[in-house]
Amino acid sequence: MQEVKTYKTKDLILNVNKLYDPIKLDLSQWDRFLDVLCSDRQYQKEAIQTAIIYLASGKYNSIEDLVKENWNDSRRIELKNRYKDIEEYLRKIQLPNKLSATIDLATGTGKSYVIYGIAQIMLGLGLVDKVLVLCPSLTIEKGLKEKFFSLSGDSRLKQTLPESAIYKNPAIIDANSTIKNGDICVENIHAVYENNSSSIMDSLMWVGEKVLILSDEAHHIFNIVSGRDQQSQNIKKWKEFLLGNEYNFYYMLGFTGTAYIEDEYFNDVIYRYSLRQAVDDKMVKMIDYVSKDDSIDQNEKFQKILDNHIQNKDTYRKVKPLTILITKDITKAKQLAEELKEFLGNKLDLQKEEVEKKVLIVTSHNDHKLNVARLSRVDDKEDPTEWIVSVSMLTEGWDVKNVFQIVPWEDRAFCSKLLIAQVLGRGLRIPSEYQSPQPRVRVFNHDAWSRNIRGLVDEILEIEMKLISTPLKEGERSKYHFNLYNIEYDKEQQEKESQKEHQEFDYTKGYLELIAQVEETEKETEYLDLSGIIREKNTLVQYNTYTIDEIVNKIFDEFRTREWEGKILRLPEGTYTKENLPPKEEIRKIIRNSMDRVGIKGDRLVGKNKYKIESMFSTLLRKKGKTIVNVWKVTEPYEISTVDTDRETIAVGNLRHNATVFHTDNFDIELNQDIKETLQAVLEDETFPRSSSRQINPYLFKTPLDIVFTKYEPERKFIESLCKQNNASKLSAWVKSRDQGFYSIQYSITTTGGKHSKQQSFNPDFFIKISENDYEYYIVVEVKSDNDESDENKAKYKYAKQHFNDLNEKLTQNNIKQKYIFHFLSPNSFVEFFDYLRNGKLINGEFRSDLDDKLEKNN
């Protein structure tokens, strides 16, 4: 298994040597210019100075010189960890043999000031005659030109220009005009290829060595562009244009707040002002994102998002707060926009025309091009837009300050460092009306997949204090490694004859078994901010409900239009057929009786009960004949070793909120230096709760992992019991599984409404090895809270029991001396579980937990 490397991003920045000859480069004469341009934004001044020293000091002839200087610095350990040798590093330089580099400035921190400052100084020094500023879209081009026009016309800024400056007060043009000496030309990359009247070729051909190229949103240059439209194809050519021999450009800087190629940080960054630093300096909004949420369907999720939106309108009344929802592609954006409009119309009782004005969809599709122009007005209170739906790769260039909620709609819109940084960047700018106290933007990501991207989010937000759990490769406890067996299933479709034709359906008892219901309830969502503080928010969620008459009418529509498989329907007051339908009142009475039996007042039923009633009567209407059924065939067992367990990472801040790290009292010889220092810091920090760590005698810590994390109290209590002397003496070894990628079991769960099922997989929490009479018993445990009888757990229980029955049968056939015993376990059965472990009844299959019993009855 390939080792996963993690880095502190700040340690990957290339240091530009500030010791240079001031006679060759007198930067002091530009101090007043920088003071006026950057005001109190010190990071902008530092970025400009770093760039000018790199480009103009004469210390470097190319990016390679800078890389070699940093590589040869014995303190730059992280660079040597990232690449095996300098040759590998140099091969991965994106714009080689040029004075090229990247400046990483968090979105919302004023890149345009830095770009203009570098352009003016380089023109003033006379190192270049022209500046070409490239960007990926018309929106960004328009914003840059407006900012540059403002700066070039600022009389106070003009007065600060040194007398010795070669070119002062540059003209701001686009490529429709000839680029003359002293000009700053701002153009989107598409004009280079699309516009026949573009002056770029005529103005810059063969003179590139005296041209400074400044590329905004530079991540576009190096990331794969998947679109097939002309704009996407043009962006693909951006790098080709920069390296073209016909221009021979030499001075090239890129600017971005998302300096990632997918998850890999750029290797040519010379200055970084990170998102975390910008938040800490209150230059941008504080970020809250979901750490725990139990939304069960889209309707509930929409209600929570709307509740946040309404709260933002109350909190930030001086402006018009916006919510943006981000999807993976145009098709999904269109679908989401329509679903959102329908929800808002129903929930807020709005006419279609009103909703259309409130929801703006922004994509590269021709149907939405006019909407892009509206982005410049959405902050205005007079503009009706409150909701923006966009695709993940069309997110930069919006100079919108009133975004207070961001909703990445699916994990693929939020699944890489590049996308996360882009998505977060959309809501960072602070409106002038709310400079202090620092406003907040809420990111409503779904916790079902936020756990998988938590590490990526933490790295983007520079929550860098982490602990990493790793399988031990040496030392005394490495003897606790063991090999497990798993199986998979191959699906075959077969036709199957209907077994019998029902002649009679008897509902004479006069009621159906419904479930208890509520029509609305308080639902809690937890949000985590960058300080590690959790904020809880309750939303009153209302479930979709249906009247008895709506359900009865639906049943009778089906009665009239569909064929009856059975011939007779028996109800309390009579016997009926297709030709002799029952009175509606009799069906209504059965439903009312069913509701009364479970205490449902009023005239409305929630979706689950509606579907239950309809499915009861639909059995009468099923078609006869052959049906397609899936037959699952078991594969041969294959081995999984705990040696190959993936590393697991946890942010130290989680130890303040229910998480626990288990370690031995000699962890100093089991952990690497960085992790050891981090753990030591946690143990010495008295502000952490007592539950944040547990020190275990290494002779009782019978796991092959160096440290083990738990996130909730039931898991913590279970491991504490595993490590008690009387229990540890009876088991051979144990391992806490990872959330994914270690030992996967497939299961099928029915979606809301009961109409479809979807295939999923889960990894059981614990594998406990017990050796007895030349046999290996593996107790597989899924730990939950007491009484956790969710539909998901029912499905997991059913399929896992079948999985291990099939596995045990295969192992017996192959004469493999292993047996697997699976249990769902909650704290109210821990005492019995460990008693059965000690007396041997556990491996004899005699144990049954309270949760096993509840889930078994419901399957």
# chains A, B, ... in the order shown; residues from 1 in each chain; ligands from 1

$ select_by_dssp --residues "range 671-714 of chain A" --states "strand (DSSP E or B)" --output "mmCIF file with N, CA, C and O atoms, in the first residue's frame"
data_model
loop_
_atom_site.group_PDB
_atom_site.id
_atom_site.type_symbol
_atom_site.label_atom_id
_atom_site.label_comp_id
_atom_site.auth_asym_id
_atom_site.auth_seq_id
_atom_site.Cartn_x
_atom_site.Cartn_y
_atom_site.Cartn_z
ATOM 1 N N SER A 693 -8.399 11.588 26.222
ATOM 2 C CA SER A 693 -7.321 10.599 26.038
ATOM 3 C C SER A 693 -7.422 9.506 27.095
ATOM 4 O O SER A 693 -7.940 9.738 28.195
ATOM 5 N N ARG A 694 -6.930 8.330 26.722
ATOM 6 C CA ARG A 694 -6.866 7.193 27.634
ATOM 7 C C ARG A 694 -5.503 6.517 27.455
ATOM 8 O O ARG A 694 -5.120 6.153 26.343
ATOM 9 N N GLN A 695 -4.784 6.373 28.552
ATOM 10 C CA GLN A 695 -3.491 5.685 28.524
ATOM 11 C C GLN A 695 -3.694 4.240 28.955
ATOM 12 O O GLN A 695 -4.275 3.970 30.000
ATOM 13 N N ILE A 696 -3.210 3.306 28.125
ATOM 14 C CA ILE A 696 -3.454 1.879 28.352
ATOM 15 C C ILE A 696 -2.120 1.148 28.507
ATOM 16 O O ILE A 696 -1.163 1.416 27.771
ATOM 17 N N LEU A 705 -2.555 -1.312 16.024
ATOM 18 C CA LEU A 705 -2.505 0.101 15.665
ATOM 19 C C LEU A 705 -1.751 0.873 16.737
ATOM 20 O O LEU A 705 -1.889 0.577 17.931
ATOM 21 N N VAL A 708 -5.471 4.675 18.723
ATOM 22 C CA VAL A 708 -6.834 4.403 18.250
ATOM 23 C C VAL A 708 -7.727 5.576 18.630
ATOM 24 O O VAL A 708 -7.639 6.103 19.743
ATOM 25 N N PHE A 709 -8.590 5.988 17.692
ATOM 26 C CA PHE A 709 -9.520 7.083 17.945
ATOM 27 C C PHE A 709 -10.940 6.549 18.096
ATOM 28 O O PHE A 709 -11.335 5.604 17.425
ATOM 29 N N THR A 710 -11.712 7.190 18.963
ATOM 30 C CA THR A 710 -13.163 7.011 18.974
ATOM 31 C C THR A 710 -13.797 8.386 18.891
ATOM 32 O O THR A 710 -13.222 9.378 19.349
#

$ residues_around --residues "Ile53 in chain A" --least-positions-apart "3" --cutoff "9 Å" --atoms "only C-alpha atoms" --output "list in words"
Val16, Asn17, Lys18, Tyr20, Leu25, Leu27, Ile48, Gln49, Thr50, Ala56, Ser57, Gly58 and Lys59 of chain A

$ closest_residue --among "A:Lys794, A:Lys401, A:Lys304, A:Lys417" --to "Glu522 in chain A" --atoms "only C-alpha atoms"
A:Lys304

$ residues_around --residues "range 236-248 of chain A" --least-positions-apart "3" --cutoff "6 Å" --atoms "only C-alpha atoms" --output "PyMOL selection string"
chain A and resi 205-206+208+221+233

$ closest_residue --among "A:Lys711, A:Ser295, A:Ile63, A:Ser478" --to "Thr525 in chain A" --atoms "only C-alpha atoms"
A:Ser295

$ atom_distance --atom1 "CA of Glu776 in chain A" --atom2 "CA of Lys730 in chain A"
12.9 Å

$ select_by_dssp --residues "range 113-288 of chain A" --states "helix (DSSP H, G or I)" --output "ChimeraX atom specification"
/A:113-125,138-152,155-158,189-194,200-204,208-210,219-222,230-236,238-242,275-280
